[in-house]
$ cat work-v8.cif   # mmCIF, C-alpha atoms
data_input
loop_
_atom_site.label_atom_id
_atom_site.label_comp_id
_atom_site.auth_asym_id
_atom_site.auth_seq_id
_atom_site.Cartn_x
_atom_site.Cartn_y
_atom_site.Cartn_z
CA MET L 1 0.58 -6.38 32.66
CA THR L 2 -0.89 -8.54 29.98
CA ALA L 3 -4.52 -8.65 29.01
CA ASP L 4 -6.23 -11.70 27.66
CA LEU L 5 -7.82 -10.49 24.46
CA ALA L 6 -9.90 -13.20 22.90
CA LEU L 7 -9.52 -13.73 19.18
CA PRO L 8 -10.91 -13.23 16.64
CA LEU L 9 -11.06 -9.45 17.02
CA PRO L 10 -12.35 -6.77 14.66
CA ALA L 11 -9.38 -5.10 13.00
CA GLU L 12 -10.88 -1.71 13.63
CA SER L 13 -10.04 -2.07 17.31
CA LEU L 14 -6.39 -2.60 16.42
CA ILE L 15 -5.52 -0.27 13.55
CA PRO L 16 -6.26 3.38 12.69
CA HIS L 17 -7.51 2.66 9.20
CA ARG L 18 -11.18 3.26 8.58
CA PRO L 19 -13.42 2.64 5.59
CA PRO L 20 -13.08 2.96 2.70
CA MET L 21 -9.32 2.43 2.97
CA ARG L 22 -9.49 -0.25 5.65
CA LEU L 23 -9.35 -3.64 3.95
CA VAL L 24 -8.63 -5.98 6.84
CA ASP L 25 -11.77 -7.05 8.72
CA THR L 26 -10.66 -9.41 11.44
CA LEU L 27 -7.56 -10.58 13.26
CA LEU L 28 -8.02 -14.32 13.50
CA SER L 29 -4.96 -15.55 15.31
CA VAL L 30 -1.64 -14.45 16.74
CA ALA L 31 1.39 -16.39 17.90
CA ASP L 32 4.98 -15.30 18.55
CA GLY L 33 4.95 -12.19 16.42
CA SER L 34 2.97 -13.76 13.63
CA GLY L 35 -0.68 -13.48 12.84
CA VAL L 36 -3.45 -14.20 10.39
CA THR L 37 -6.13 -11.78 9.28
CA GLU L 38 -9.24 -12.08 7.21
CA ALA L 39 -10.54 -9.64 4.63
CA CYS L 40 -13.78 -9.94 2.69
CA PRO L 41 -13.90 -6.97 0.32
CA GLY L 42 -17.44 -5.94 -0.37
CA ALA L 43 -19.09 -4.69 -3.51
CA GLY L 44 -18.42 -1.07 -2.60
CA CYS L 45 -14.67 -1.53 -2.23
CA ILE L 46 -12.92 1.51 -3.69
CA MET L 47 -10.08 -0.68 -4.91
CA ALA L 48 -12.30 -2.89 -7.05
CA ASP L 49 -13.22 -2.29 -10.66
CA ALA L 50 -16.64 -2.72 -12.22
CA ARG L 51 -16.10 -6.48 -12.47
CA GLY L 52 -15.16 -6.69 -8.82
CA GLU L 53 -11.47 -7.32 -9.44
CA LEU L 54 -9.22 -5.71 -6.84
CA ASP L 55 -6.36 -3.48 -7.83
CA ALA L 56 -3.11 -5.42 -7.53
CA ALA L 57 -1.75 -2.85 -5.09
CA ALA L 58 -4.61 -3.64 -2.72
CA LEU L 59 -2.79 -6.87 -1.88
CA VAL L 60 0.22 -4.84 -0.75
CA GLU L 61 -2.09 -2.80 1.48
CA LEU L 62 -3.53 -6.01 2.91
CA ILE L 63 -0.10 -7.17 4.04
CA ALA L 64 0.69 -3.80 5.64
CA GLN L 65 -2.65 -3.53 7.44
CA SER L 66 -2.44 -7.11 8.62
CA TYR L 67 0.92 -6.52 10.22
CA ALA L 68 -0.44 -3.37 11.79
CA ALA L 69 -3.26 -5.41 13.32
CA VAL L 70 -0.81 -7.93 14.77
CA ARG L 71 1.27 -5.13 16.30
CA GLY L 72 -1.86 -3.46 17.62
CA TYR L 73 -2.92 -6.67 19.28
CA ASP L 74 0.50 -7.05 20.86
CA ASP L 75 0.29 -3.52 22.25
CA LEU L 76 -3.15 -3.99 23.72
CA SER L 77 -2.31 -7.39 25.13
CA ASN L 78 0.61 -5.89 26.99
CA GLY L 79 -1.32 -2.98 28.38
CA ARG L 80 0.18 -0.43 26.02
CA PRO L 81 -1.66 2.09 23.91
CA VAL L 82 -1.72 1.05 20.31
CA LYS L 83 1.08 2.86 18.52
CA GLU L 84 0.83 4.44 15.14
CA GLY L 85 3.05 3.37 12.34
CA PHE L 86 3.68 3.94 8.67
CA LEU L 87 4.56 1.72 5.77
CA VAL L 88 8.03 2.91 4.81
CA GLY L 89 9.27 0.11 2.62
CA ALA L 90 8.48 -2.95 0.57
CA ARG L 91 10.83 -5.45 -0.99
CA SER L 92 10.69 -8.57 -3.13
CA LEU L 93 6.94 -8.41 -3.12
CA ARG L 94 5.31 -10.34 -5.95
CA ILE L 95 1.69 -10.22 -6.98
CA ASN L 96 0.90 -13.30 -9.00
CA GLY L 97 -2.81 -13.70 -8.50
CA THR L 98 -6.00 -11.73 -8.49
CA ALA L 99 -8.67 -11.16 -5.88
CA PHE L 100 -12.27 -10.12 -6.17
CA THR L 101 -14.98 -8.63 -4.05
CA GLY L 102 -16.72 -11.40 -2.17
CA ASP L 103 -13.49 -13.36 -1.76
CA ARG L 104 -12.26 -14.42 1.66
CA LEU L 105 -8.63 -13.36 1.75
CA LEU L 106 -6.36 -14.69 4.46
CA THR L 107 -3.15 -12.79 5.10
CA THR L 108 -0.36 -14.25 7.19
CA VAL L 109 2.35 -11.96 8.49
CA THR L 110 5.48 -12.83 10.41
CA THR L 111 7.86 -10.47 12.17
CA VAL L 112 11.32 -10.77 10.70
CA GLY L 113 12.94 -8.23 12.98
CA THR L 114 12.58 -4.96 14.79
CA PHE L 115 15.23 -2.27 15.22
CA ALA L 116 15.32 1.38 16.14
CA GLY L 117 11.59 1.87 15.77
CA PHE L 118 11.31 -0.09 12.55
CA ALA L 119 9.65 -3.43 12.05
CA VAL L 120 10.22 -5.77 9.13
CA ALA L 121 7.66 -8.42 8.33
CA GLU L 122 7.03 -11.03 5.70
CA GLY L 123 3.50 -11.46 4.50
CA LYS L 124 1.45 -13.47 2.08
CA VAL L 125 -2.13 -13.23 0.89
CA VAL L 126 -3.99 -16.44 0.22
CA ARG L 127 -7.19 -16.82 -1.78
CA ALA L 128 -8.88 -20.21 -1.90
CA GLY L 129 -5.70 -21.91 -0.80
CA GLU L 130 -3.52 -20.17 -3.38
CA THR L 131 -0.89 -17.57 -2.51
CA ILE L 132 -1.61 -14.56 -4.69
CA ALA L 133 0.85 -12.10 -3.18
CA ALA L 134 3.89 -12.38 -0.96
CA GLY L 135 6.81 -10.26 0.12
CA THR L 136 8.45 -8.13 2.76
CA VAL L 137 7.27 -4.84 4.23
CA THR L 138 8.94 -2.38 6.57
CA LEU L 139 6.97 -0.21 8.95
CA TRP L 140 8.10 2.65 11.13
CA ILE L 141 6.46 2.50 14.52
CA VAL L 142 5.86 5.93 16.02
CA ASP L 143 6.98 5.91 19.60
CA GLU L 144 5.70 9.30 20.63
CA GLY L 145 2.14 10.41 21.11
CA ALA L 146 0.71 6.93 21.06
CA THR L 147 -2.73 7.01 19.53
CA ALA L 148 -5.64 4.78 20.40
CA GLY L 149 -6.31 2.38 17.57
CA GLY L 150 -3.23 3.56 15.72
CA ARG L 151 -1.19 1.63 13.16
CA PRO L 152 -0.16 2.24 9.56
CA MET N 1 -14.39 0.80 -15.62
CA THR N 2 -11.42 0.99 -13.29
CA SER N 3 -11.66 1.22 -9.51
CA GLU N 4 -12.74 4.38 -7.76
CA LEU N 5 -9.23 4.69 -6.34
CA LEU N 6 -7.62 4.57 -9.76
CA ARG N 7 -10.12 7.03 -11.16
CA GLY N 8 -9.28 9.35 -8.28
CA ILE N 9 -5.60 9.08 -9.09
CA ALA N 10 -6.19 9.92 -12.73
CA ALA N 11 -8.33 12.88 -11.75
CA SER N 12 -5.56 14.20 -9.50
CA ALA N 13 -3.13 14.81 -12.35
CA VAL N 14 -2.24 18.47 -12.53
CA ASP N 15 -0.93 18.58 -16.06
CA GLY N 16 -0.12 16.44 -19.03
CA ILE N 17 2.57 13.83 -19.34
CA THR N 18 6.08 15.11 -19.91
CA THR N 19 8.74 13.08 -21.62
CA VAL N 20 12.02 14.18 -20.12
CA GLY N 21 14.33 11.79 -21.89
CA PRO N 22 14.54 8.39 -23.48
CA ASP N 23 12.14 6.16 -21.60
CA GLN N 24 11.79 8.83 -18.93
CA VAL N 25 8.34 10.18 -18.14
CA ALA N 26 7.00 12.65 -15.57
CA ARG N 27 3.72 14.10 -14.40
CA ARG N 28 2.55 16.24 -11.53
CA TYR N 29 -0.29 15.27 -9.22
CA ARG N 30 -2.12 17.02 -6.46
CA PHE N 31 -4.41 15.00 -4.22
CA SER N 32 -7.07 17.15 -2.62
CA VAL N 33 -8.44 16.45 0.83
CA ASP N 34 -11.47 14.93 -0.91
CA PHE N 35 -9.41 12.29 -2.70
CA VAL N 36 -10.94 8.93 -1.87
CA GLY N 37 -7.58 7.49 -0.80
CA PHE N 38 -7.41 9.91 2.11
CA ALA N 39 -10.77 8.78 3.48
CA GLY N 40 -10.00 6.66 6.51
CA HIS N 41 -6.24 6.96 6.01
CA PHE N 42 -6.28 8.32 8.59
CA PRO N 43 -9.14 10.06 10.38
CA GLY N 44 -7.98 13.48 11.46
CA HIS N 45 -4.58 13.32 9.74
CA PRO N 46 -4.75 12.25 6.12
CA VAL N 47 -1.64 10.66 4.65
CA LEU N 48 -1.36 9.55 1.04
CA PRO N 49 -1.29 5.74 1.10
CA ALA N 50 1.88 4.12 -0.15
CA ILE N 51 -0.13 2.02 -2.56
CA VAL N 52 -1.47 5.17 -4.18
CA GLN N 53 2.11 6.25 -4.81
CA LEU N 54 2.81 2.87 -6.41
CA GLN N 55 -0.36 3.09 -8.47
CA CYS N 56 0.58 6.56 -9.71
CA VAL N 57 3.43 5.03 -11.63
CA ALA N 58 1.30 2.23 -13.02
CA CYS N 59 -1.37 4.71 -14.10
CA LEU N 60 1.17 7.11 -15.60
CA ALA N 61 2.95 4.37 -17.50
CA GLY N 62 -0.32 2.94 -18.72
CA GLU N 63 -1.51 6.26 -19.99
CA HIS N 64 1.84 7.04 -21.62
CA THR N 65 1.98 3.73 -23.45
CA GLY N 66 -1.72 3.47 -24.13
CA ILE N 67 -1.68 0.02 -22.58
CA PRO N 68 -3.42 -0.55 -19.24
CA LEU N 69 -0.81 -1.85 -16.80
CA ARG N 70 -0.96 -3.42 -13.39
CA LEU N 71 1.52 -3.92 -10.61
CA ALA N 72 3.26 -7.29 -10.75
CA ALA N 73 6.08 -6.80 -8.27
CA VAL N 74 7.66 -4.30 -5.95
CA GLU N 75 11.36 -4.99 -6.09
CA ASP N 76 12.42 -2.26 -3.73
CA ALA N 77 10.35 0.61 -2.35
CA LYS N 78 11.11 3.32 0.17
CA PHE N 79 8.46 5.75 1.34
CA LEU N 80 10.42 8.50 3.00
CA VAL N 81 8.08 11.39 3.67
CA PRO N 82 4.35 11.51 4.46
CA ILE N 83 2.42 13.21 1.68
CA ARG N 84 -0.48 15.39 2.80
CA PRO N 85 -3.48 16.75 0.91
CA ASP N 86 -2.86 19.50 -1.62
CA GLN N 87 0.88 18.95 -1.82
CA GLU N 88 2.12 18.85 -5.38
CA LEU N 89 3.73 15.56 -6.16
CA LEU N 90 6.08 15.08 -9.09
CA VAL N 91 6.02 11.47 -10.27
CA GLN N 92 8.86 10.42 -12.53
CA TYR N 93 9.96 7.09 -13.84
CA ARG N 94 12.60 5.67 -16.09
CA LEU N 95 12.11 2.41 -17.87
CA ARG N 96 14.93 0.09 -16.85
CA PRO N 97 15.79 -2.76 -19.16
CA GLY N 98 15.50 -6.10 -17.47
CA ALA N 99 15.59 -9.72 -18.44
CA GLY N 100 12.11 -10.24 -19.83
CA LYS N 101 10.60 -7.73 -17.41
CA SER N 102 9.30 -4.20 -17.65
CA LEU N 103 10.93 -2.48 -14.69
CA TYR N 104 10.09 1.08 -13.78
CA ASP N 105 12.57 3.00 -11.69
CA ALA N 106 10.43 5.67 -10.04
CA ARG N 107 10.99 8.73 -7.94
CA LEU N 108 8.36 10.90 -6.29
CA THR N 109 9.23 14.34 -5.03
CA VAL N 110 7.41 17.00 -3.04
CA ALA N 111 8.87 20.50 -3.00
CA ASP N 112 12.16 19.12 -4.33
CA GLN N 113 12.34 16.63 -1.50
CA ILE N 114 12.38 12.97 -2.37
CA ALA N 115 9.21 11.48 -0.96
CA ALA N 116 9.55 7.96 -2.32
CA THR N 117 11.66 5.79 -4.56
CA PHE N 118 10.82 2.40 -5.88
CA LEU N 119 11.51 -0.14 -8.55
CA VAL N 120 8.40 -1.92 -9.73
CA GLU N 121 7.52 -4.42 -12.39
CA LEU N 122 4.41 -3.70 -14.41
CA VAL N 123 2.60 -6.03 -16.77
CA ARG N 124 -0.37 -5.66 -19.06
CA ALA N 125 -3.51 -5.47 -17.01
CA GLU N 126 -5.19 -8.27 -18.89
CA GLU N 127 -2.28 -10.65 -18.37
CA GLY N 128 -3.33 -13.60 -16.26
CA ALA N 129 -1.74 -13.41 -12.86
#
$ encode --input "work-v8.cif" --output "C-alpha cells"
Amino acid sequence: MTADLALPLPAESLIPHRPPMRLVDTLLSVADGSGVTEACPGAGCIMADARGELDAAALVELIAQSYAAVRGYDDLSNGRPVKEGFLVGARSLRINGTAFTGDRLLTTVTTVGTFAGFAVAEGKVVRAGETIAAGTVTLWIVDEGATAGGRP
Amino acid sequence: MTSELLRGIAASAVDGITTVGPDQVARRYRFSVDFVGFAGHFPGHPVLPAIVQLQCVACLAGEHTGIPLRLAAVEDAKFLVPIRPDQELLVQYRLRPGAGKSLYDARLTVADQIAATFLVELVRAEEGA
C-alpha cells in the first residue's frame, strides 16, 4: 500500500538523526530513487567555526543524511516502517568548496544500486548554484528491528 | 576558534602523538557519552559518526605537522564496525606519496579489531576550496 506523502517534508520525520548532529532540514523532492534536500545550518551548528565556516566533513554528512531521508520517504510511502541504516563507505568524494552558517545548501542524491542490504548513492552539495562537494556513499540498511524515524 | 565538534575530538585524545615509523603517526582517542558528536547520533544508541572518524585523522595530522588541515577528498573509506562511547580508538595513518597530493592512508582500530580504513586527501585549512 502506498501513501501519498506531500513534499516538502521535515527531515526529522524521515531520519533518526537529531540536533545537534542532524544537518538536513527538509526533503524537497523525490523521484525514482533520487531526491533533493535542503539544509540551512544555523549559528549554533556544532560543525561551524567561529567565523561560521562549516567543517569540510560536514558536507559528507549532508550527503549521507540526504540519502537517508530519501530512503525514509520511500519506506513511509510504501507503508513500511522507516529502516535504520549506517554509512559504511565513501568513495571518490571531493570537497572543493566551503559552506557557512546561514547558507541554503541543496543536496541531490541518486541511488546507484542496492544489493544484499547495501545501498550505493551518488550525491552532490550545491551552494548558490555551485557544487561544493560530490561523491559516492554506501549505506547498510538494517533489515531487522525496523525503527520509527530510523536512517543513518 | 575551530568548531565545537573539532574541539570535542581534540579533547577526546587519550595520550600524546606517537610516531611509529617514517611518516607513520598514531594516537588513541576515547569519546565519552558526553561527546558532542554522539548527541542526536542517535537518540538511545549513540554511534560515533563516520565524519568524526575522518576528522580524527585530519586533526591528528594537523597537530603533528603544526599546520591546520582540512579534508579535501575521501578516495576510499570503509566504516566496518560501529564505535560506541568509551571505547578506546587507535587512530593511525601513514602518509602516502601521491602526485601533488597529500594522501593519508588511515586505519582505526578498537580492541585490535579494524573499525575503519580510509584514504583521504588533506590540504591546508586556509587553502581556498
$ residues_around --input "work-v8.cif" --residues "Leu87 in chain L" --least-positions-apart "2" --cutoff "7 Å" --atoms "only C-alpha atoms" --output "ChimeraX atom specification"
/L:64,85,89,138-140,152 /N:50
$ resolve_selection --input "work-v8.cif" --expression "the PyMOL selection byres ((chain N and resi 69-77) around 7)" --output "list of chain:residue names"
L:Ala56, L:Ala57, L:Gly89, L:Ala90, L:Arg91, L:Ser92, L:Leu93, L:Arg94, L:Ile95, L:Asn96, N:Ala58, N:Gly62, N:Ile67, N:Pro68, N:Lys78, N:Phe79, N:Thr117, N:Phe118, N:Leu119, N:Val120, N:Glu121, N:Leu122, N:Val123, N:Arg124, N:Ala125
$ write_last_selection --input "work-v8.cif" --atoms "C-alpha atoms" --output "compact mmCIF listing (two decimals), keeping the file's coordinate frame"
# COMPACT_ATOMS: atom_id res chain seq x y z
CA ALA L 56 -3.11 -5.42 -7.53
CA ALA L 57 -1.75 -2.85 -5.09
CA GLY L 89 9.27 0.11 2.62
CA ALA L 90 8.48 -2.95 0.57
CA ARG L 91 10.83 -5.45 -0.99
CA SER L 92 10.69 -8.57 -3.13
CA LEU L 93 6.94 -8.41 -3.12
CA ARG L 94 5.31 -10.34 -5.95
CA ILE L 95 1.69 -10.22 -6.98
CA ASN L 96 0.90 -13.30 -9.00
CA ALA N 58 1.30 2.23 -13.02
CA GLY N 62 -0.32 2.94 -18.72
CA ILE N 67 -1.68 0.02 -22.58
CA PRO N 68 -3.42 -0.55 -19.24
CA LYS N 78 11.11 3.32 0.17
CA PHE N 79 8.46 5.75 1.34
CA THR N 117 11.66 5.79 -4.56
CA PHE N 118 10.82 2.40 -5.88
CA LEU N 119 11.51 -0.14 -8.55
CA VAL N 120 8.40 -1.92 -9.73
CA GLU N 121 7.52 -4.42 -12.39
CA LEU N 122 4.41 -3.70 -14.41
CA VAL N 123 2.60 -6.03 -16.77
CA ARG N 124 -0.37 -5.66 -19.06
CA ALA N 125 -3.51 -5.47 -17.01
$ interface_residues --input "work-v8.cif" --of "chain L" --to "chain N" --cutoff "10 Å" --atoms "only C-alpha atoms" --output "ChimeraX atom specification"
/L:15-22,44-61,64,86-98,132-139,150-152
$ resolve_selection --input "work-v8.cif" --expression "the PyMOL selection byres ((chain L and resi 6) around 12)" --output "list in words"
Ala3, Asp4, Leu5, Leu7, Pro8, Leu9, Pro10, Leu27, Leu28, Ser29, Val30, Tyr73, Leu76 and Ser77 of chain L
$ write_last_selection --input "work-v8.cif" --atoms "C-alpha atoms" --output "mmCIF file, in the coordinates of the input"
data_model
loop_
_atom_site.group_PDB
_atom_site.id
_atom_site.type_symbol
_atom_site.label_atom_id
_atom_site.label_comp_id
_atom_site.auth_asym_id
_atom_site.auth_seq_id
_atom_site.Cartn_x
_atom_site.Cartn_y
_atom_site.Cartn_z
ATOM 1 C CA ALA L 3 -4.520 -8.650 29.010
ATOM 2 C CA ASP L 4 -6.230 -11.700 27.660
ATOM 3 C CA LEU L 5 -7.820 -10.490 24.460
ATOM 4 C CA LEU L 7 -9.520 -13.730 19.180
ATOM 5 C CA PRO L 8 -10.910 -13.230 16.640
ATOM 6 C CA LEU L 9 -11.060 -9.450 17.020
ATOM 7 C CA PRO L 10 -12.350 -6.770 14.660
ATOM 8 C CA LEU L 27 -7.560 -10.580 13.260
ATOM 9 C CA LEU L 28 -8.020 -14.320 13.500
ATOM 10 C CA SER L 29 -4.960 -15.550 15.310
ATOM 11 C CA VAL L 30 -1.640 -14.450 16.740
ATOM 12 C CA TYR L 73 -2.920 -6.670 19.280
ATOM 13 C CA LEU L 76 -3.150 -3.990 23.720
ATOM 14 C CA SER L 77 -2.310 -7.390 25.130
#
$ atom_distance --input "work-v8.cif" --atom1 "CA of Ala39 in chain L" --atom2 "CA of Val24 in chain L"
4.7 Å
$ resolve_selection --input "work-v8.cif" --expression "the PyMOL selection byres ((chain N and resi 13) around 8)" --output "list in words"
Ile9, Ala10, Ala11, Ser12, Val14, Asp15, Gly16, Arg27, Arg28, Tyr29 and Arg30 of chain N
$ atom_distance --input "work-v8.cif" --atom1 "CA of Val109 in chain L" --atom2 "CA of Glu122 in chain L"
5.5 Å
$ residues_near_point --input "work-v8.cif" --point "(13.2, -4.5, 14.0)" --cutoff "12 Å" --atoms "only C-alpha atoms" --output "PyMOL selection string"
chain L and resi 33+110-121+137-141
$ residues_near_point --input "work-v8.cif" --point "(2.8, -17.0, 2.7)" --cutoff "7 Å" --atoms "only C-alpha atoms" --output "tab-separated table (two decimals) with C-alpha atoms, in the coordinates of the input"
chain	number	residue	atom	x	y	z
L	108	THR	CA	-0.36	-14.25	7.19
L	123	GLY	CA	3.50	-11.46	4.50
L	124	LYS	CA	1.45	-13.47	2.08
L	125	VAL	CA	-2.13	-13.23	0.89
L	131	THR	CA	-0.89	-17.57	-2.51
L	134	ALA	CA	3.89	-12.38	-0.96
$ atom_distance --input "work-v8.cif" --atom1 "CA of Glu88 in chain N" --atom2 "CA of Thr18 in chain N"
15.5 Å
$ build_atoms --input "work-v8.cif" --residues "range 110-120 of chain L" --atoms "all heavy atoms" --output "short mmCIF file (atom, residue, chain, number, x, y, z; two decimals), keeping the file's coordinate frame"
data_model
loop_
_atom_site.label_atom_id
_atom_site.label_comp_id
_atom_site.auth_asym_id
_atom_site.auth_seq_id
_atom_site.Cartn_x
_atom_site.Cartn_y
_atom_site.Cartn_z
N THR L 110 4.52 -12.34 9.44
CA THR L 110 5.48 -12.83 10.41
C THR L 110 6.55 -11.78 10.62
O THR L 110 7.12 -11.27 9.64
CB THR L 110 6.15 -14.13 9.91
OG1 THR L 110 5.15 -15.11 9.67
CG2 THR L 110 7.15 -14.65 10.93
N THR L 111 6.81 -11.43 11.86
CA THR L 111 7.86 -10.47 12.17
C THR L 111 9.21 -11.07 11.84
O THR L 111 9.55 -12.16 12.30
CB THR L 111 7.81 -10.08 13.65
OG1 THR L 111 6.52 -9.55 13.96
CG2 THR L 111 8.85 -9.01 13.95
N VAL L 112 9.97 -10.34 11.03
CA VAL L 112 11.32 -10.77 10.70
C VAL L 112 12.30 -10.16 11.69
O VAL L 112 13.25 -10.82 12.14
CB VAL L 112 11.69 -10.37 9.26
CG1 VAL L 112 13.16 -10.66 8.98
CG2 VAL L 112 10.79 -11.07 8.27
N GLY L 113 12.05 -8.90 12.04
CA GLY L 113 12.94 -8.23 12.98
C GLY L 113 12.44 -6.84 13.31
O GLY L 113 11.62 -6.28 12.58
N THR L 114 12.89 -6.33 14.40
CA THR L 114 12.58 -4.96 14.79
C THR L 114 13.88 -4.28 15.21
O THR L 114 14.75 -4.91 15.82
CB THR L 114 11.59 -4.90 15.96
OG1 THR L 114 12.14 -5.61 17.07
CG2 THR L 114 10.26 -5.53 15.60
N PHE L 115 14.01 -3.01 14.86
CA PHE L 115 15.23 -2.27 15.22
C PHE L 115 14.95 -0.80 15.11
O PHE L 115 14.36 -0.33 14.15
CB PHE L 115 16.39 -2.68 14.30
CG PHE L 115 16.13 -2.47 12.84
CD1 PHE L 115 16.59 -1.35 12.18
CD2 PHE L 115 15.41 -3.41 12.11
CE1 PHE L 115 16.33 -1.16 10.83
CE2 PHE L 115 15.15 -3.24 10.76
CZ PHE L 115 15.61 -2.10 10.12
N ALA L 116 15.36 -0.08 16.14
CA ALA L 116 15.32 1.38 16.14
C ALA L 116 13.98 1.93 15.65
O ALA L 116 13.94 2.85 14.85
CB ALA L 116 16.45 1.93 15.27
N GLY L 117 12.90 1.35 16.13
CA GLY L 117 11.59 1.87 15.77
C GLY L 117 11.02 1.33 14.47
O GLY L 117 9.90 1.65 14.10
N PHE L 118 11.79 0.51 13.79
CA PHE L 118 11.31 -0.09 12.55
C PHE L 118 10.99 -1.56 12.77
O PHE L 118 11.59 -2.22 13.59
CB PHE L 118 12.37 0.03 11.44
CG PHE L 118 12.62 1.44 10.99
CD1 PHE L 118 13.61 2.20 11.60
CD2 PHE L 118 11.87 2.00 9.97
CE1 PHE L 118 13.85 3.50 11.20
CE2 PHE L 118 12.11 3.30 9.56
CZ PHE L 118 13.09 4.05 10.17
N ALA L 119 10.02 -2.02 12.00
CA ALA L 119 9.65 -3.43 12.05
C ALA L 119 9.62 -3.97 10.63
O ALA L 119 9.09 -3.32 9.73
CB ALA L 119 8.29 -3.62 12.70
N VAL L 120 10.21 -5.12 10.44
CA VAL L 120 10.22 -5.77 9.13
C VAL L 120 9.41 -7.05 9.24
O VAL L 120 9.58 -7.82 10.20
CB VAL L 120 11.66 -6.10 8.69
CG1 VAL L 120 11.66 -6.79 7.33
CG2 VAL L 120 12.51 -4.83 8.65
#
